[in-house]
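**Student:** Here you go, structure-v7.txt (compact mmCIF, C-alpha atoms and all ligand atoms):
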```
# COMPACT_ATOMS: atom_id res chain seq x y z
CA MET A 1 9.52 -19.74 -5.54
CA THR A 2 6.01 -21.04 -5.88
CA ALA A 3 3.49 -20.10 -3.26
CA LYS A 4 -0.12 -21.02 -2.82
CA LYS A 5 -2.87 -19.35 -0.86
CA LYS A 6 -4.00 -21.23 2.19
CA LYS A 7 -7.62 -21.43 3.26
CA SER A 8 -8.23 -18.94 6.04
CA PRO A 9 -9.09 -20.83 9.22
CA LYS A 10 -11.19 -19.40 12.03
CA ALA A 11 -8.44 -18.65 14.48
CA PRO A 12 -8.40 -17.18 17.96
CA PRO A 13 -7.04 -13.64 18.43
CA SER A 14 -3.29 -13.36 18.23
CA ALA A 15 -1.25 -13.71 21.39
CA PHE A 16 0.89 -10.68 20.63
CA THR A 17 -1.73 -8.21 19.36
CA GLU A 18 -2.02 -5.62 22.09
CA LYS A 19 -3.84 -2.86 20.25
CA THR A 20 -7.13 -2.68 18.41
CA VAL A 21 -6.34 -3.37 14.79
CA PRO A 22 -8.21 -1.28 12.23
CA PRO A 23 -9.69 -3.34 9.38
CA ILE A 24 -7.52 -3.28 6.26
CA THR A 25 -10.44 -3.86 3.95
CA ASP A 26 -14.19 -3.60 4.04
CA ASN A 27 -14.54 -6.86 2.16
CA PRO A 28 -16.75 -8.98 4.44
CA GLU A 29 -15.10 -12.17 3.15
CA ARG A 30 -11.85 -10.97 4.71
CA SER A 31 -13.25 -10.15 8.11
CA ASP A 32 -11.16 -12.83 9.87
CA THR A 33 -8.07 -11.44 11.55
CA LYS A 34 -5.29 -12.50 9.17
CA ALA A 35 -1.63 -12.54 10.02
CA HIS A 36 -0.84 -9.17 8.42
CA GLU A 37 -3.74 -7.58 10.29
CA GLN A 38 -1.89 -8.26 13.50
CA ILE A 39 0.35 -5.30 12.74
CA PRO A 40 -1.01 -2.08 14.21
CA LEU A 41 -0.98 0.25 11.20
CA GLU A 42 0.54 3.37 12.64
CA SER A 43 3.70 5.25 12.03
CA ILE A 44 6.50 5.31 14.51
CA GLU A 45 6.75 8.27 16.83
CA ALA A 46 9.43 10.80 16.14
CA PRO A 47 12.73 9.47 17.48
CA LYS A 48 13.41 12.83 19.11
CA ASN A 49 11.00 11.73 21.84
CA LEU A 50 12.63 8.34 22.13
CA PRO A 51 16.09 6.96 22.61
CA ALA A 52 17.68 6.94 19.15
CA HIS A 53 18.34 3.46 17.85
CA GLY A 54 20.36 4.63 14.94
CA ILE A 55 20.78 3.10 11.53
CA TRP A 56 19.58 -0.38 10.67
CA VAL A 57 20.68 -2.52 7.75
CA TYR A 58 18.47 -5.44 6.75
CA ILE A 59 20.67 -8.51 6.35
CA GLU A 60 19.00 -10.53 3.62
CA GLN A 61 19.73 -14.22 3.80
CA LEU A 62 18.42 -17.30 2.10
CA GLN A 63 19.32 -20.76 3.37
CA GLY A 64 22.20 -19.34 5.36
CA GLU A 65 23.70 -17.35 2.49
CA VAL A 66 23.73 -13.58 2.90
CA ALA A 67 23.08 -11.36 -0.12
CA PRO A 68 26.35 -9.41 -0.64
CA VAL A 69 24.42 -6.13 -0.92
CA SER A 70 23.69 -6.41 2.81
CA TRP A 71 27.40 -6.05 3.59
CA GLU A 72 27.73 -3.26 1.03
CA LEU A 73 24.98 -1.41 2.92
CA MET A 74 26.75 -2.11 6.19
CA GLY A 75 29.76 -0.24 4.74
CA VAL A 76 27.82 2.90 3.81
CA GLY A 77 25.71 2.53 6.96
CA ARG A 78 28.88 2.75 9.05
CA GLN A 79 29.84 6.04 7.39
CA LEU A 80 26.37 7.49 7.99
CA ALA A 81 26.26 6.25 11.59
CA ASP A 82 29.64 7.82 12.30
CA LYS A 83 28.39 11.15 10.92
CA LEU A 84 25.21 10.98 13.04
CA ASN A 85 27.13 9.63 16.02
CA CYS A 86 24.66 6.79 16.46
CA PRO A 87 24.88 3.00 16.49
CA LEU A 88 24.77 0.86 13.35
CA SER A 89 22.66 -2.27 13.67
CA GLY A 90 21.89 -5.27 11.53
CA VAL A 91 18.47 -6.95 11.33
CA LEU A 92 18.49 -10.67 10.65
CA LEU A 93 15.39 -12.81 10.11
CA GLY A 94 15.30 -16.54 9.45
CA HIS A 95 15.63 -19.94 11.03
CA ASP A 96 18.86 -21.46 12.37
CA ILE A 97 20.56 -18.13 11.79
CA GLN A 98 22.92 -18.20 14.78
CA PRO A 99 25.99 -18.92 12.55
CA LEU A 100 25.38 -15.69 10.62
CA THR A 101 25.30 -13.41 13.67
CA GLU A 102 29.10 -13.10 13.94
CA LEU A 103 29.34 -11.97 10.32
CA ALA A 104 27.08 -8.98 11.03
CA PHE A 105 29.56 -7.64 13.60
CA GLN A 106 32.57 -8.46 11.44
CA TYR A 107 31.10 -6.33 8.66
CA GLY A 108 30.50 -3.40 10.99
CA ALA A 109 27.30 -3.77 13.03
CA ASP A 110 27.40 -2.65 16.66
CA THR A 111 24.18 -4.51 17.53
CA LEU A 112 22.12 -7.17 15.82
CA TYR A 113 18.34 -7.45 16.10
CA ALA A 114 17.30 -10.97 15.19
CA ILE A 115 14.29 -13.27 15.06
CA ASP A 116 14.82 -17.00 14.66
CA ASP A 117 11.61 -18.80 13.81
CA PRO A 118 10.76 -21.76 11.52
CA MET A 119 8.13 -19.55 9.86
CA LEU A 120 10.96 -17.33 8.63
CA LYS A 121 12.88 -20.17 6.98
CA PRO A 122 11.47 -19.62 3.50
CA TYR A 123 11.01 -16.01 2.47
CA THR A 124 7.39 -14.91 2.46
CA ASN A 125 6.40 -11.29 2.29
CA GLU A 126 3.77 -11.90 4.93
CA CYS A 127 5.92 -13.31 7.74
CA HIS A 128 9.03 -11.25 7.01
CA SER A 129 7.04 -8.00 6.84
CA ILE A 130 5.39 -8.76 10.16
CA ALA A 131 8.74 -9.59 11.76
CA LEU A 132 10.48 -6.47 10.47
CA VAL A 133 7.57 -4.19 11.36
CA GLN A 134 7.45 -5.63 14.88
CA LEU A 135 11.16 -4.96 15.36
CA CYS A 136 10.84 -1.39 14.05
CA GLN A 137 7.88 -0.71 16.32
CA ALA A 138 9.73 -2.11 19.30
CA HIS A 139 13.13 -0.44 18.76
CA HIS A 140 12.47 2.72 16.70
CA PRO A 141 15.33 2.89 14.18
CA GLU A 142 15.87 6.27 12.55
CA ILE A 143 16.98 4.86 9.21
CA LEU A 144 16.39 1.46 7.61
CA LEU A 145 18.45 0.41 4.58
CA ILE A 146 17.48 -2.60 2.45
CA GLY A 147 19.16 -4.09 -0.63
CA ALA A 148 17.17 -3.60 -3.85
CA THR A 149 17.15 -7.30 -4.63
CA THR A 150 13.95 -9.05 -5.69
CA THR A 151 13.30 -9.91 -2.05
CA GLY A 152 14.35 -6.49 -0.75
CA ARG A 153 12.06 -4.67 -3.17
CA ASP A 154 9.17 -6.90 -2.14
CA LEU A 155 9.79 -6.53 1.58
CA SER A 156 10.60 -2.82 1.72
CA GLY A 157 7.33 -1.74 0.08
CA SER A 158 5.09 -3.64 2.46
CA VAL A 159 7.10 -2.64 5.53
CA ALA A 160 7.03 1.05 4.55
CA THR A 161 3.28 0.79 3.95
CA ALA A 162 2.64 -0.85 7.31
CA LEU A 163 4.75 1.74 9.11
CA ARG A 164 3.24 4.59 7.08
CA THR A 165 6.64 5.93 6.28
CA GLY A 166 8.44 6.97 3.11
CA LEU A 167 10.63 4.74 0.97
CA THR A 168 13.06 5.80 -1.75
CA ALA A 169 13.85 2.93 -4.11
CA ASP A 170 17.11 2.33 -5.98
CA CYS A 171 19.23 5.05 -4.40
CA THR A 172 22.61 5.61 -6.01
CA GLN A 173 24.00 7.87 -3.25
CA LEU A 174 23.27 8.17 0.46
CA ASP A 175 24.29 10.90 2.85
CA VAL A 176 22.93 12.56 5.97
CA ASP A 177 21.98 16.08 6.98
CA VAL A 178 23.56 15.90 10.42
CA ASP A 179 21.76 18.94 11.91
CA ASN A 180 18.29 17.68 11.03
CA ARG A 181 19.17 13.97 11.19
CA LYS A 182 17.74 13.47 7.70
CA LEU A 183 18.79 10.79 5.26
CA LEU A 184 19.65 12.33 1.89
CA GLN A 185 18.47 9.73 -0.59
CA THR A 186 19.71 10.40 -4.11
CA ARG A 187 18.41 8.52 -7.13
CA PRO A 188 17.86 9.13 -10.85
CA ALA A 189 14.48 10.74 -11.57
CA PHE A 190 12.45 11.81 -14.60
CA GLY A 191 13.79 9.04 -16.81
CA GLY A 192 17.25 9.43 -15.37
CA ASN A 193 17.70 12.96 -16.68
CA ILE A 194 18.23 14.41 -13.21
CA LEU A 195 19.51 13.08 -9.92
CA ALA A 196 16.94 13.88 -7.22
CA THR A 197 17.77 13.99 -3.52
CA ILE A 198 14.75 12.89 -1.55
CA LEU A 199 14.05 13.44 2.16
CA CYS A 200 11.51 11.78 4.37
CA ARG A 201 10.67 14.71 6.63
CA ASP A 202 8.40 13.50 9.41
CA ARG A 203 8.11 9.74 9.27
CA TRP A 204 10.36 7.07 10.72
CA PRO A 205 12.22 5.01 9.91
CA GLN A 206 13.53 6.83 6.86
CA MET A 207 13.69 3.93 4.40
CA ALA A 208 15.81 3.47 1.29
CA THR A 209 16.71 0.59 -0.98
CA VAL A 210 20.03 0.41 -2.82
CA ARG A 211 20.92 -1.89 -5.68
CA PRO A 212 23.74 -4.42 -5.39
CA ARG A 213 27.21 -3.14 -6.29
CA VAL A 214 26.42 0.55 -5.89
CA PHE A 215 28.60 0.65 -2.77
CA SER A 216 31.68 -1.43 -2.07
CA LYS A 217 31.78 -4.19 0.49
CA PRO A 218 33.78 -3.18 3.58
CA GLU A 219 36.73 -5.23 4.78
CA LYS A 220 35.74 -7.97 7.19
CA GLN A 221 37.09 -7.33 10.71
CA PRO A 222 37.29 -10.78 12.36
CA GLU A 223 38.03 -9.29 15.79
CA ARG A 224 34.76 -7.31 15.97
CA SER A 225 31.84 -8.57 18.07
CA GLY A 226 28.64 -7.16 19.55
CA ALA A 227 25.35 -7.88 21.26
CA VAL A 228 22.48 -9.82 19.68
CA VAL A 229 18.97 -8.74 20.70
CA TRP A 230 16.75 -11.76 20.06
CA SER A 231 12.97 -11.33 19.71
CA ASP A 232 10.09 -13.74 19.20
CA LEU A 233 7.92 -13.71 16.12
CA GLY A 234 4.92 -14.88 18.14
CA LEU A 235 2.91 -15.51 14.99
CA ASP A 236 0.18 -18.12 14.83
CA PRO A 237 0.99 -20.35 11.79
CA SER A 238 -2.69 -21.12 11.29
CA LYS A 239 -3.32 -17.46 10.53
CA THR A 240 -0.86 -17.04 7.68
CA VAL A 241 -2.31 -17.00 4.20
CA MET A 242 0.86 -17.93 2.28
CA GLU A 243 2.73 -21.20 2.21
CA VAL A 244 5.86 -21.93 0.19
CA VAL A 245 5.34 -25.29 -1.49
CA GLU A 246 8.41 -25.39 -3.72
CA ARG A 247 11.48 -23.36 -4.62
CA ILE A 248 12.64 -23.58 -8.22
CA LEU A 249 16.08 -22.14 -8.78
CA ASP A 250 16.75 -20.09 -11.87
CA GLU A 251 19.46 -22.15 -13.55
CA ARG A 252 22.13 -19.96 -15.10
CA THR A 253 25.16 -21.62 -16.53
CA GLU A 254 27.01 -18.39 -17.29
CA GLY A 255 26.77 -16.78 -13.83
CA TYR A 256 25.32 -13.46 -12.79
CA LEU A 257 26.34 -10.29 -14.60
CA ASP A 258 26.29 -8.20 -11.44
CA GLU A 259 28.93 -10.48 -9.93
CA ALA A 260 31.27 -10.48 -12.95
CA ASP A 261 34.79 -9.07 -12.64
CA ILE A 262 35.09 -8.37 -16.37
CA ILE A 263 32.29 -7.12 -18.60
CA VAL A 264 32.51 -6.30 -22.29
CA ALA A 265 29.44 -4.32 -23.28
CA GLY A 266 28.16 -3.31 -26.68
CA GLY A 267 25.73 -0.64 -27.81
CA ARG A 268 23.86 0.61 -30.83
CA GLY A 269 27.10 1.85 -32.36
CA LEU A 270 27.98 -1.74 -33.26
CA GLY A 271 25.31 -1.55 -35.93
CA SER A 272 24.32 -5.21 -36.24
CA LYS A 273 23.92 -8.52 -34.45
CA ASP A 274 26.95 -9.85 -36.34
CA ASN A 275 29.09 -7.02 -35.04
CA PHE A 276 27.76 -7.60 -31.51
CA LYS A 277 29.38 -11.05 -31.76
CA LEU A 278 32.72 -9.20 -31.67
CA VAL A 279 31.82 -8.18 -28.11
CA GLU A 280 31.06 -11.81 -27.25
CA LYS A 281 34.40 -12.93 -28.67
CA LEU A 282 36.36 -10.38 -26.66
CA ALA A 283 34.44 -11.32 -23.49
CA GLN A 284 35.18 -14.98 -24.11
CA ALA A 285 38.86 -14.34 -24.78
CA ILE A 286 39.43 -12.44 -21.54
CA GLY A 287 37.15 -14.47 -19.28
CA GLY A 288 34.39 -11.86 -19.02
CA MET A 289 30.66 -11.66 -19.53
CA ILE A 290 28.75 -9.61 -22.07
CA GLY A 291 26.83 -6.48 -21.19
CA ALA A 292 24.56 -4.41 -23.40
CA SER A 293 22.91 -1.03 -23.63
CA ARG A 294 19.15 -0.91 -23.88
CA PRO A 295 19.07 -0.38 -27.67
CA ALA A 296 21.33 -3.43 -28.11
CA VAL A 297 18.89 -5.48 -26.04
CA GLU A 298 15.88 -4.06 -27.82
CA SER A 299 17.49 -4.95 -31.17
CA GLY A 300 17.71 -8.55 -30.00
CA TRP A 301 21.52 -8.64 -29.95
CA ALA A 302 21.68 -9.60 -26.27
CA PRO A 303 19.16 -10.89 -23.71
CA TYR A 304 17.59 -8.50 -21.20
CA SER A 305 19.43 -10.24 -18.34
CA HIS A 306 22.59 -8.58 -19.74
CA GLN A 307 21.23 -5.02 -19.92
CA VAL A 308 23.23 -2.56 -17.88
CA GLY A 309 21.67 0.63 -16.58
CA GLN A 310 18.72 2.18 -14.93
CA THR A 311 16.22 -0.38 -16.16
CA GLY A 312 18.79 -3.16 -16.22
CA LEU A 313 21.49 -4.20 -13.80
CA THR A 314 23.94 -2.18 -11.76
CA VAL A 315 27.40 -3.67 -12.16
CA ARG A 316 30.74 -2.94 -10.57
CA PRO A 317 33.36 -5.08 -12.32
CA LYS A 318 37.11 -4.60 -12.17
CA LEU A 319 37.07 -3.96 -15.92
CA TYR A 320 34.18 -2.61 -18.02
CA ILE A 321 34.76 -2.27 -21.76
CA ALA A 322 32.05 -0.23 -23.50
CA ALA A 323 32.02 -0.46 -27.30
CA GLY A 324 29.69 1.71 -29.38
CA ILE A 325 27.91 3.01 -26.26
CA SER A 326 27.32 6.77 -26.07
CA GLY A 327 27.19 7.05 -22.28
CA ALA A 328 23.62 8.22 -21.65
CA ILE A 329 22.95 8.81 -17.95
CA GLN A 330 20.59 5.82 -17.86
CA HIS A 331 23.50 3.59 -18.90
CA LEU A 332 26.09 5.33 -16.74
CA VAL A 333 24.14 4.83 -13.49
CA GLY A 334 24.53 1.10 -14.02
CA MET A 335 28.29 0.96 -14.61
CA GLN A 336 30.03 4.18 -13.56
CA ASN A 337 31.40 2.62 -10.37
CA SER A 338 33.42 0.01 -12.28
CA ASP A 339 37.10 0.04 -11.27
CA VAL A 340 38.48 0.56 -14.78
CA ILE A 341 36.35 1.69 -17.73
CA VAL A 342 37.60 1.40 -21.29
CA ALA A 343 35.44 3.17 -23.87
CA ILE A 344 35.59 2.62 -27.62
CA ASN A 345 33.64 5.17 -29.60
CA LYS A 346 34.11 6.84 -32.96
CA ASP A 347 32.82 10.17 -31.58
CA PRO A 348 35.54 11.91 -29.51
CA ASP A 349 32.83 13.95 -27.74
CA ALA A 350 30.77 10.95 -26.64
CA PRO A 351 29.76 11.35 -22.95
CA ILE A 352 31.11 7.88 -22.13
CA PHE A 353 34.63 9.36 -22.31
CA ARG A 354 33.83 11.53 -19.26
CA VAL A 355 33.67 8.46 -17.03
CA ALA A 356 36.23 6.36 -18.93
CA THR A 357 39.62 5.52 -17.44
CA TYR A 358 40.93 4.89 -20.97
CA GLY A 359 39.29 6.09 -24.16
CA ILE A 360 39.87 4.80 -27.68
CA VAL A 361 38.44 6.91 -30.50
CA GLY A 362 37.78 4.68 -33.48
CA ASP A 363 35.58 2.14 -35.20
CA ALA A 364 34.60 -0.61 -32.76
CA ALA A 365 34.09 -3.13 -35.56
CA THR A 366 37.77 -2.78 -36.48
CA LEU A 367 39.19 -2.34 -32.98
CA LEU A 368 37.40 -5.16 -31.18
CA PRO A 369 38.97 -8.02 -33.22
CA ALA A 370 42.43 -6.47 -32.79
CA ILE A 371 41.97 -6.08 -29.03
CA THR A 372 40.60 -9.62 -28.80
CA GLN A 373 43.65 -10.99 -30.52
CA GLU A 374 46.16 -9.08 -28.41
CA LEU A 375 44.48 -9.43 -25.01
CA GLY A 376 43.54 -13.06 -25.64
CA ALA A 377 47.13 -13.85 -26.53
CA ARG A 378 48.46 -12.09 -23.41
CA MET A 379 45.98 -13.81 -21.13
CA HIS A 380 46.74 -17.25 -22.51
CA GLY A 381 50.45 -16.80 -22.77
CA ALA A 382 50.73 -17.01 -26.55
CA PRO A 383 53.28 -14.74 -28.23
CA LEU A 384 51.93 -11.34 -29.18
CA GLY A 385 50.46 -11.14 -32.62
CA THR A 386 49.69 -14.88 -32.76
CA GLU A 387 46.23 -15.53 -34.19
CA ARG A 388 44.07 -17.48 -31.74
CA GLN A 389 41.15 -19.67 -32.66
CA LEU A 390 38.14 -18.44 -30.65
C1 LIG A 401 13.44 5.56 -18.43
C2 LIG A 401 14.63 5.13 -19.27
C3 LIG A 401 15.37 4.07 -18.85
C4 LIG A 401 16.48 3.66 -19.59
N1 LIG A 401 17.22 2.60 -19.16
C5 LIG A 401 18.33 2.27 -19.82
C6 LIG A 401 19.18 1.22 -19.36
O1 LIG A 401 18.89 0.55 -18.36
N2 LIG A 401 20.30 0.97 -20.05
C7 LIG A 401 20.65 1.65 -21.18
O2 LIG A 401 21.72 1.36 -21.75
N3 LIG A 401 19.87 2.62 -21.65
C8 LIG A 401 18.71 2.94 -21.02
N4 LIG A 401 17.92 3.92 -21.52
C9 LIG A 401 18.23 4.46 -22.85
C10 LIG A 401 19.27 5.55 -22.80
O3 LIG A 401 18.65 6.80 -22.62
C11 LIG A 401 20.06 5.62 -24.13
O4 LIG A 401 19.15 5.81 -25.19
C12 LIG A 401 20.87 4.37 -24.41
O5 LIG A 401 21.69 4.07 -23.29
C13 LIG A 401 21.75 4.61 -25.62
O6 LIG A 401 22.32 3.39 -25.98
P1 LIG A 401 23.62 3.33 -26.88
O7 LIG A 401 24.70 4.08 -26.21
O8 LIG A 401 23.83 1.91 -27.23
O9 LIG A 401 23.13 4.05 -28.21
P2 LIG A 401 23.42 5.53 -28.74
O10 LIG A 401 23.11 6.55 -27.73
O11 LIG A 401 22.75 5.63 -30.06
O12 LIG A 401 25.00 5.57 -28.94
C14 LIG A 401 25.68 4.86 -29.89
C15 LIG A 401 27.13 5.30 -29.81
O13 LIG A 401 27.91 4.50 -30.67
C16 LIG A 401 28.86 5.33 -31.30
N5 LIG A 401 29.22 4.67 -32.55
C17 LIG A 401 28.51 4.62 -33.70
N6 LIG A 401 29.15 3.85 -34.61
C18 LIG A 401 30.29 3.44 -34.00
C19 LIG A 401 31.37 2.61 -34.41
N7 LIG A 401 31.38 2.06 -35.64
N8 LIG A 401 32.37 2.40 -33.54
C20 LIG A 401 32.35 2.94 -32.29
N9 LIG A 401 31.36 3.73 -31.87
C21 LIG A 401 30.34 3.96 -32.70
C22 LIG A 401 28.19 6.67 -31.47
O14 LIG A 401 29.15 7.71 -31.57
C23 LIG A 401 27.36 6.75 -30.20
O15 LIG A 401 28.10 7.41 -29.19
C24 LIG A 401 16.81 4.33 -20.80
C25 LIG A 401 16.04 5.43 -21.20
C26 LIG A 401 14.97 5.83 -20.45
C27 LIG A 401 14.16 7.01 -20.91
```
Represent the structure of the file as structure tokens.
**Tutor:**
Amino acid sequence: MTAKKKKSPKAPPSAFTEKTVPPITDNPERSDTKAHEQIPLESIEAPKNLPAHGIWVYIEQLQGEVAPVSWELMGVGRQLADKLNCPLSGVLLGHDIQPLTELAFQYGADTLYAIDDPMLKPYTNECHSIALVQLCQAHHPEILLIGATTTGRDLSGSVATALRTGLTADCTQLDVDVDNRKLLQTRPAFGGNILATILCRDRWPQMATVRPRVFSKPEKQPERSGAVVWSDLGLDPSKTVMEVVERILDERTEGYLDEADIIVAGGRGLGSKDNFKLVEKLAQAIGGMIGASRPAVESGWAPYSHQVGQTGLTVRPKLYIAAGISGAIQHLVGMQNSDVIVAINKDPDAPIFRVATYGIVGDAATLLPAITQELGARMHGAPLGTERQL
């Protein structure tokens, strides 16, 4: 997405600003009231003094397509809402979004808070932050969950800042302390060596982002419905400083790793780029994509877009084959929720075997070609033992 800065026009005061807005900066060149300055910068009052509006899940959509992580969060949000005995709501921002409203209920929302406005058609941090902050200030959610996508990371930071609340990024587990109504936000900390559970004690909403595929998507319930609470954005377009001039899609011919059903991943134990090709051959033979540990990426055997783990992608395929990967916590956090994990490692004490469904102790360079031949033959119907040309 390419965006350019617009010249700031002299505009009249906003129609919806009801409170005196403190200046964000002392820079005299920025003394005009810009769009983001229309948000009163103050935290939300404690929900104990207000009717509780429960748990909110931000439903991220682009051109009518919802990011799957939004539904995954709706699944875990439902569990948390049931524990807290409060409603679960979706928040939907965009333009011409009416067709998506039903989906929110079918994936578990009791209520949907929505703003439909042409200014929300392309994603801009400015307009979406203002819209989400307005809704939070009007309805006082206790908890706000957002997918840790590129957009979600961008949006959550500015919303948390505007609301002066806490935000825990990239949570791998979520739970609630029912007595104190606190969200228990667990994520790797100190380089992934410990899992820290973080609480936001006296600010609301308690905000967390979660990466795609950490939680599973709930079953769609076509019979479910609920109420949509529509609000106006009420933003003066002449006051915004960002304008989307063009969207350039990242063209990937091989698909997205975090959506793959089968991943064959290789690590430092493969020893060389040539041996890493054995991983590629197995992936190709069984219709999967390649994954890699960080050392494999740093050695130039695989591109960064295929790195699995804390500083790479979180994946949740049906089958994850890990060859020559030790199973460091920073790798495990990115793949441990895979349905079936097959580990190949010459060290019988390698930590990867603790999460593996099936473990094979042996030399990956010898085993991978044999597995490729057998699995490839089975998948393509050739008699067992027949050599296939890859
Ligand atoms: C802040 C931070 C973030 C990080 N983020 C990530 C991340 O996103 N993803 C990631 O992967 N790592 C990440 N790391 C690095 C992580 O700590 C580990 O160093 C890394 O995962 C180890 O990669 P590896 O398993 O390929 O290599 P190693 O740990 O060196 O393991 C190699 C394994 O191969 C086995 N082996 C050796 N030869 C053979 C053979 N011939 N056949 C079969 N097995 C063999 C060995 O027994 C060993 O278990 C991060 C580290 C930090 C500090």
**Student:** Would you work out the distance separating CA of Lys83 in chain A from CA of Ala148 in chain A, expressed in Å to one decimal?
**Tutor:**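 Computed distance, CA of Lys83 in chain A to CA of Ala148 in chain A, equals 23.7 Å.
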**Student:** Find the residues around Tyr304 in chain A up to 12 Å (all atoms listed in the file counted), leave out those fewer than 4 positions away in its own chain, and share them as a VMD selection string.
**Tutor:** chain A and resid 257 290 to 300 308 to 309 311 to 313
**Student:** Please put the answer as JSON: centre and edge lengths, in Å with one decimal, of a box along x, y and z that encloses all listed atoms of ligand LIG 401 (chain A) plus 6 Å on each side.
**Tutor:**
```
{"center_x": 22.9, "center_y": 4.1, "center_z": -27.0, "size_x": 30.9, "size_y": 19.2, "size_z": 29.3}
```
**Student:** I want to know what sits within 9 Å of Asp347 in chain A, based on all atoms listed in the file, with residues of the same chain fewer than 5 positions away left out; could you give that as a list in words?
**Tutor:** Ser326, Val361 and Gly362 of chain A
**Student:** What does the structure give for the distance between atom C5 of ligand LIG 401 (chain A) and CA of Asp349 in chain A, in Å to one decimal?
**Tutor:** 20.2 Å
**Student:** Just want the 7 Å neighbourhood of range 108-119 of chain A, counted on all atoms listed in the file, with same-chain residues fewer than 2 positions away dropped. Output as a PyMOL selection string.
**Tutor:** chain A and resi 74+78+87-97+104-106+121+127+226-233
**Student:** For the residues in the current selection, export C-alpha atoms as a tab-separated table (two decimals), in the frame of the given file.
**Tutor:**
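Writing done, so here's selection.tsv:
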```tsv
chain	number	residue	atom	x	y	z
A	74	MET	CA	26.75	-2.11	6.19
A	78	ARG	CA	28.88	2.75	9.05
A	87	PRO	CA	24.88	3.00	16.49
A	88	LEU	CA	24.77	0.86	13.35
A	89	SER	CA	22.66	-2.27	13.67
A	90	GLY	CA	21.89	-5.27	11.53
A	91	VAL	CA	18.47	-6.95	11.33
A	92	LEU	CA	18.49	-10.67	10.65
A	93	LEU	CA	15.39	-12.81	10.11
A	94	GLY	CA	15.30	-16.54	9.45
A	95	HIS	CA	15.63	-19.94	11.03
A	96	ASP	CA	18.86	-21.46	12.37
A	97	ILE	CA	20.56	-18.13	11.79
A	104	ALA	CA	27.08	-8.98	11.03
A	105	PHE	CA	29.56	-7.64	13.60
A	106	GLN	CA	32.57	-8.46	11.44
A	121	LYS	CA	12.88	-20.17	6.98
A	127	CYS	CA	5.92	-13.31	7.74
A	226	GLY	CA	28.64	-7.16	19.55
A	227	ALA	CA	25.35	-7.88	21.26
A	228	VAL	CA	22.48	-9.82	19.68
A	229	VAL	CA	18.97	-8.74	20.70
A	230	TRP	CA	16.75	-11.76	20.06
A	231	SER	CA	12.97	-11.33	19.71
A	232	ASP	CA	10.09	-13.74	19.20
A	233	LEU	CA	7.92	-13.71	16.12
```
**Student:** Mind giving me the straight-line distance from atom C9 of ligand LIG 401 (chain A) to CA of Ile263 in chain A in Å, one decimal?
**Tutor:**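 Computing the Euclidean distance for atom C9 of ligand LIG 401 (chain A) and CA of Ile263 in chain A yields 18.7 Å.
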**Student:** Given the choices A:Ile248, A:Ala322, A:Ile55, A:Ala350, which gets closest to Asp82 in chain A if the distance is worked out from all atoms listed in the file?
**Tutor:**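 Nearest candidate to Asp82 in chain A out of A:Ile248, A:Ala322, A:Ile55, A:Ala350: A:Ile55.
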**Student:** Of the candidates A:Lys281, A:His53, A:Arg354, A:Lys346, which shows the shortest atom-to-atom distance to ligand LIG 401 (chain A), using all atoms listed in the file?
**Tutor:**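 Smallest separation from ligand LIG 401 (chain A) among the options: A:Lys346.
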**Student:** Could you give me, as CSV, every range 211-283 of chain A residue with an atom at most 9 Å from range 158-172 of chain A, plus its closest atom pair and distance in Å to one decimal, counting all atoms listed in the file, rows ordered by chain then number?
**Tutor:**
```
residue,atom,partner,partner_atom,distance
A:Arg211,CA,A:Asp170,CA,5.7
A:Val214,CA,A:Thr172,CA,6.3
A:Phe215,CA,A:Thr172,CA,8.4
```
**Student:** Rank A:Ala285, A:Arg213, A:Tyr358, A:Phe190 by their smallest atom-to-atom distance to ligand LIG 401 (chain A), using all atoms listed in the file, and report the top residue only.
**Tutor:**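 Smallest distance to ligand LIG 401 (chain A) is found for A:Phe190.
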**Student:** For Ile352 in chain A, which of A:Ala370, A:Leu103, A:Ala328, A:Leu375 is the closest residue, counting all atoms listed in the file?
**Tutor:**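 Comparing A:Ala370, A:Leu103, A:Ala328, A:Leu375 against Ile352 in chain A, the winner is A:Ala328.
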**Student:** In terms of the shortest atom-to-atom distance over only C-alpha atoms, which of A:Ala208, A:Leu135, A:Leu368, A:Ala260 is closest to Arg187 in chain A?
**Tutor:**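 Distance minimum relative to Arg187 in chain A lands on A:Ala208.
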**Student:** Can you tell me, as a ChimeraX atom specification, what residues are no more than 12 Å from Leu278 in chain A when counting all atoms listed in the file, ignoring any on the same chain fewer than 5 positions away?
**Tutor:** /A:264-267,270-273,283-285,290,301,323-324,364-373,390
**Student:** Rank A:Leu319, A:Val133, A:Leu145, A:Ile194 by their smallest atom-to-atom distance to ligand LIG 401 (chain A), using all atoms listed in the file, and report the top residue only.
**Tutor:**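 Closest candidate: A:Ile194.
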**Student:** Please identify all polymer residues lying at most 12 Å from the point (10.7, -16.1, 2.7) (file coordinates), using all atoms listed in the file, and present the result as JSON, numbers by chain.
**Tutor:** {"A": [1, 2, 3, 60, 61, 62, 63, 93, 94, 95, 117, 118, 119, 120, 121, 122, 123, 124, 125, 126, 127, 128, 129, 130, 131, 150, 151, 152, 154, 155, 242, 243, 244, 245, 246, 247]}
**Student:** Give me, as a ChimeraX atom specification, all polymer residues having an atom no more than 12 Å from Val355 in chain A, counting all atoms listed in the file and skipping those fewer than 3 positions away in the same chain.
**Tutor:** /A:320-322,326-329,331-333,335-343,350-352,358-359
